[in-house]
Structures are given as C-alpha cells and as structure tokens.
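Undergrad: Below you'll find the structure I mean.
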Amino acid sequence: MQIQQILVPVDFSDSSKEAVDLAQTLAQKFGAKLILLHAFEPPAPAVPSGFFDTAPLRAAARASAERLLDAFRSQRAHLDPDVQVSAVLIEQSPAPAIIEYAGQHSVDMIVLGSHGHTALRQLLLGGVAEKVVRRAPCPVLMVRPKEKYEPVRQPPDPPR
C-alpha cells in the first residue's frame, strides 16, 4: 500500500489533536503529505430567508473558522517540520465534505478522531465518523480519545 496523502478532518477537539499527532507519525513513515480539513456549516438565522442579508454572518463564520484552523495547524505543525501540512476549509456539512474531498483529491487514507460516544447516542444523533467510515473512498483509521480507552484487565491469579 502506498500512502501519499493523508486527510485529517479536524473539529479542534482533543480527538482531532490525537488524530493529527498519529497522522503525522504515519506521514513521516510513508513520506506522505497531511491535509487538515475543517468543514463547517455557518449558523442559520432564526428568521425566514429573505428578511436580511446573511452574507455578513457567513463571512464572519468563515473568518472565525479560518483563524481557528490556522491556529490549530500552527500548534500541530511543530511536531515534525519535515511533514508537509496543508489546511482546507470547506463550508459544508462535515461528513459529505470529508467524503467528497477524499474522492476528488485522491486521498489514500483518512485519520479521523472519534469522540467515543455511546452506541445509543451515536444511533440517535448519527455521527460524522460513522458516516465517513461507511462511505469513504479509502481506508479510514479511527482514533479515540485516550481517556476513552478501556484498561486491559488481567485475570486474577489462580488460587494456590
């Protein structure tokens, strides 16, 4: 398997940070490029469309997302200066944005942070990670937050 591009969707959470850290390690080993992708949906006004111009609201949301993405990229880029890291901002619902970007840009792997929600919550809310895993055009590596890892339990010592 040849890996040249690794896509890392980010939402600026601890899960995203862990995903980027792991993806940088993989990128270093494979000589791959990292692409940080943040997809966002600008807030929708609570009034019917046509009452006021939403362009300033959308522009403000985009500017805020750009600042967050630049700061996030700067914080994570120090890990390995030899890994080429680019950042992409997409104004779209996250799951379709990730899937479409991966397909259109020949992404070889997606490294995706998961928030580790329970199965019931995932079923009720849906989930970006679940949608991406099911529909991605390439392998997806899920990274759970470290605090969600379950400890390995050792069997009790046999009686003597």
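To be explicit about the labels: the chains of the structure tokens are called A, B, and onward in the order shown, and within each one the residues are counted from 1, while ligands get numbers from 1 in the order they are shown.
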I'd like the contact shell of Leu37 in chain A - 12 Å cut-off, only C-alpha atoms, skipping same-chain residues fewer than 2 positions apart - returned as a CSV table (one decimal) with N, CA and C atoms, in the first residue's frame.
TA:
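Wrote out39.csv, looks like this:
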chain,number,residue,atom,x,y,z
A,6,ILE,N,-2.6,12.0,3.3
A,6,ILE,CA,-3.5,11.6,4.5
A,6,ILE,C,-4.3,12.8,4.8
A,7,LEU,N,-5.6,12.5,4.8
A,7,LEU,CA,-6.6,13.5,5.2
A,7,LEU,C,-7.0,13.4,6.7
A,8,VAL,N,-6.9,14.5,7.4
A,8,VAL,CA,-7.3,14.5,8.8
A,8,VAL,C,-8.4,15.6,9.0
A,9,PRO,N,-9.6,15.2,9.1
A,9,PRO,CA,-10.7,16.1,9.4
A,9,PRO,C,-10.5,16.6,10.8
A,10,VAL,N,-10.7,17.9,11.1
A,10,VAL,CA,-10.5,18.4,12.4
A,10,VAL,C,-11.7,19.3,12.8
A,11,ASP,N,-12.0,19.1,14.1
A,11,ASP,CA,-13.0,20.0,14.7
A,11,ASP,C,-12.5,20.7,15.9
A,12,PHE,N,-11.1,20.7,16.0
A,12,PHE,CA,-10.4,21.4,17.1
A,12,PHE,C,-10.5,20.8,18.5
A,16,SER,N,-9.3,15.4,17.7
A,16,SER,CA,-8.7,15.9,16.5
A,16,SER,C,-7.2,16.0,16.7
A,20,VAL,N,-4.3,14.1,14.5
A,20,VAL,CA,-3.3,14.8,13.8
A,20,VAL,C,-1.9,14.2,14.2
A,34,LEU,N,0.2,15.7,4.7
A,34,LEU,CA,-1.0,15.8,5.6
A,34,LEU,C,-1.9,16.9,5.1
A,35,ILE,N,-3.2,16.6,5.1
A,35,ILE,CA,-4.2,17.6,4.7
A,35,ILE,C,-5.1,17.7,5.9
A,39,ALA,N,-14.6,21.3,8.1
A,39,ALA,CA,-15.8,21.6,7.4
A,39,ALA,C,-16.8,22.2,8.4
A,40,PHE,N,-17.5,23.2,8.0
A,40,PHE,CA,-18.4,23.9,8.9
A,40,PHE,C,-19.6,24.4,8.2
A,65,ALA,N,-13.6,30.5,11.4
A,65,ALA,CA,-13.2,29.1,11.1
A,65,ALA,C,-11.7,29.2,10.6
A,66,GLU,N,-11.4,30.2,9.7
A,66,GLU,CA,-10.1,30.3,9.2
A,66,GLU,C,-9.0,30.5,10.3
A,68,LEU,N,-9.3,29.8,13.5
A,68,LEU,CA,-9.2,28.5,14.3
A,68,LEU,C,-8.3,27.5,13.6
A,69,LEU,N,-8.6,27.3,12.3
A,69,LEU,CA,-7.8,26.3,11.5
A,69,LEU,C,-6.3,26.7,11.4
A,70,ASP,N,-6.0,28.0,11.2
A,70,ASP,CA,-4.6,28.4,11.2
A,70,ASP,C,-3.9,28.2,12.5
A,72,PHE,N,-4.8,26.0,14.8
A,72,PHE,CA,-4.7,24.6,15.1
A,72,PHE,C,-3.5,24.0,14.3
A,73,ARG,N,-3.4,24.5,13.0
A,73,ARG,CA,-2.3,24.0,12.2
A,73,ARG,C,-1.0,24.4,12.7
A,85,VAL,N,2.3,20.0,5.6
A,85,VAL,CA,0.9,20.1,6.1
A,85,VAL,C,0.2,21.2,5.4
A,86,SER,N,-1.0,20.9,4.9
A,86,SER,CA,-1.8,22.0,4.3
A,86,SER,C,-3.1,22.0,5.0
A,87,ALA,N,-3.9,23.0,4.9
A,87,ALA,CA,-5.2,23.2,5.5
A,87,ALA,C,-6.2,23.6,4.5
A,88,VAL,N,-7.4,23.0,4.7
A,88,VAL,CA,-8.5,23.2,3.8
A,88,VAL,C,-9.7,23.5,4.6
A,89,LEU,N,-10.4,24.6,4.2
A,89,LEU,CA,-11.7,25.0,4.9
A,89,LEU,C,-12.8,24.8,3.9
A,90,ILE,N,-13.8,24.1,4.3
A,90,ILE,CA,-15.0,23.8,3.4
A,90,ILE,C,-16.3,24.2,4.1
A,91,GLU,N,-17.1,25.0,3.4
A,91,GLU,CA,-18.4,25.4,4.0
A,91,GLU,C,-19.4,24.4,3.5
A,92,GLN,N,-19.6,23.3,4.3
A,92,GLN,CA,-20.5,22.3,4.0
A,92,GLN,C,-20.6,21.4,5.3
A,94,PRO,N,-20.0,18.4,7.6
A,94,PRO,CA,-18.8,17.7,7.7
A,94,PRO,C,-18.7,16.3,7.0
A,95,ALA,N,-19.6,15.4,7.2
A,95,ALA,CA,-19.4,14.1,6.6
A,95,ALA,C,-19.4,14.1,5.1
A,97,ALA,N,-18.6,16.6,3.2
A,97,ALA,CA,-17.4,17.4,2.8
A,97,ALA,C,-16.1,16.5,2.8
A,98,ILE,N,-16.0,15.7,3.9
A,98,ILE,CA,-14.8,14.8,4.0
A,98,ILE,C,-14.8,13.7,2.9
A,99,ILE,N,-16.0,13.1,2.7
A,99,ILE,CA,-16.1,12.0,1.7
A,99,ILE,C,-15.8,12.6,0.3
A,100,GLU,N,-16.4,13.7,0.0
A,100,GLU,CA,-16.2,14.3,-1.4
A,100,GLU,C,-14.8,14.7,-1.6
A,101,TYR,N,-14.2,15.4,-0.6
A,101,TYR,CA,-12.8,15.8,-0.7
A,101,TYR,C,-11.9,14.6,-0.9
A,102,ALA,N,-12.1,13.6,-0.1
A,102,ALA,CA,-11.2,12.4,-0.3
A,102,ALA,C,-11.3,11.8,-1.7
A,107,VAL,N,-7.1,11.0,-2.0
A,107,VAL,CA,-6.6,10.8,-0.7
A,107,VAL,C,-6.4,9.3,-0.5
A,110,ILE,N,-7.7,8.3,5.5
A,110,ILE,CA,-8.3,9.3,6.4
A,110,ILE,C,-8.0,8.9,7.8
A,111,VAL,N,-7.5,9.8,8.6
A,111,VAL,CA,-7.3,9.6,10.0
A,111,VAL,C,-8.3,10.5,10.7
A,112,LEU,N,-9.2,9.9,11.4
A,112,LEU,CA,-10.3,10.6,12.0
A,112,LEU,C,-10.5,10.4,13.4
Undergrad: Leaving out Ala61 in chain A and any residue of its chain fewer than 6 positions from it, which residues lie within 9 Å of it when counting only C-alpha atoms, given as number ranges by chain?
TA: A: 40-43
Undergrad: May I have the residues from that selection written out with N, CA, C and O atoms, as an mmCIF file, in the first residue's frame?
TA:
data_model
loop_
_atom_site.group_PDB
_atom_site.id
_atom_site.type_symbol
_atom_site.label_atom_id
_atom_site.label_comp_id
_atom_site.auth_asym_id
_atom_site.auth_seq_id
_atom_site.Cartn_x
_atom_site.Cartn_y
_atom_site.Cartn_z
ATOM 1 N N PHE A 40 -17.478 23.234 7.994
ATOM 2 C CA PHE A 40 -18.394 23.890 8.929
ATOM 3 C C PHE A 40 -19.635 24.351 8.184
ATOM 4 O O PHE A 40 -19.617 24.595 6.988
ATOM 5 N N GLU A 41 -20.697 24.437 8.924
ATOM 6 C CA GLU A 41 -21.938 24.997 8.409
ATOM 7 C C GLU A 41 -22.169 26.303 9.151
ATOM 8 O O GLU A 41 -22.259 26.306 10.377
ATOM 9 N N PRO A 42 -22.252 27.417 8.424
ATOM 10 C CA PRO A 42 -22.465 28.686 9.115
ATOM 11 C C PRO A 42 -23.824 28.678 9.808
ATOM 12 O O PRO A 42 -24.732 27.976 9.371
ATOM 13 N N PRO A 43 -23.930 29.423 10.896
ATOM 14 C CA PRO A 43 -25.204 29.440 11.616
ATOM 15 C C PRO A 43 -26.323 29.966 10.726
ATOM 16 O O PRO A 43 -26.128 30.898 9.949
#
Undergrad: Using only C-alpha atoms, find the one residue out of A:Arg134, A:Lys33, A:Lys17, A:His105 that sits nearest to Gln5 in chain A.
TA: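 The shortest atom-to-atom distance to Gln5 in chain A comes from A:Lys33.
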Undergrad: Would you please work out which residue, of A:Ala136, A:Val143, A:Asp157, A:Gly103, is nearest to Glu18 in chain A when using only C-alpha atoms?
TA: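 Of all the options, A:Val143 lies closest to Glu18 in chain A.
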Undergrad: For CA of Gln104 in chain A and CA of Pro137 in chain A, quote the distance in Å rounded to one decimal.
TA: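 Spanning CA of Gln104 in chain A to CA of Pro137 in chain A is a straight-line distance of 9.6 Å.
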Undergrad: Between CA of Ala32 in chain A and CA of Gln75 in chain A, measure the distance and give it in Å to one decimal.
TA: 19.4 Å
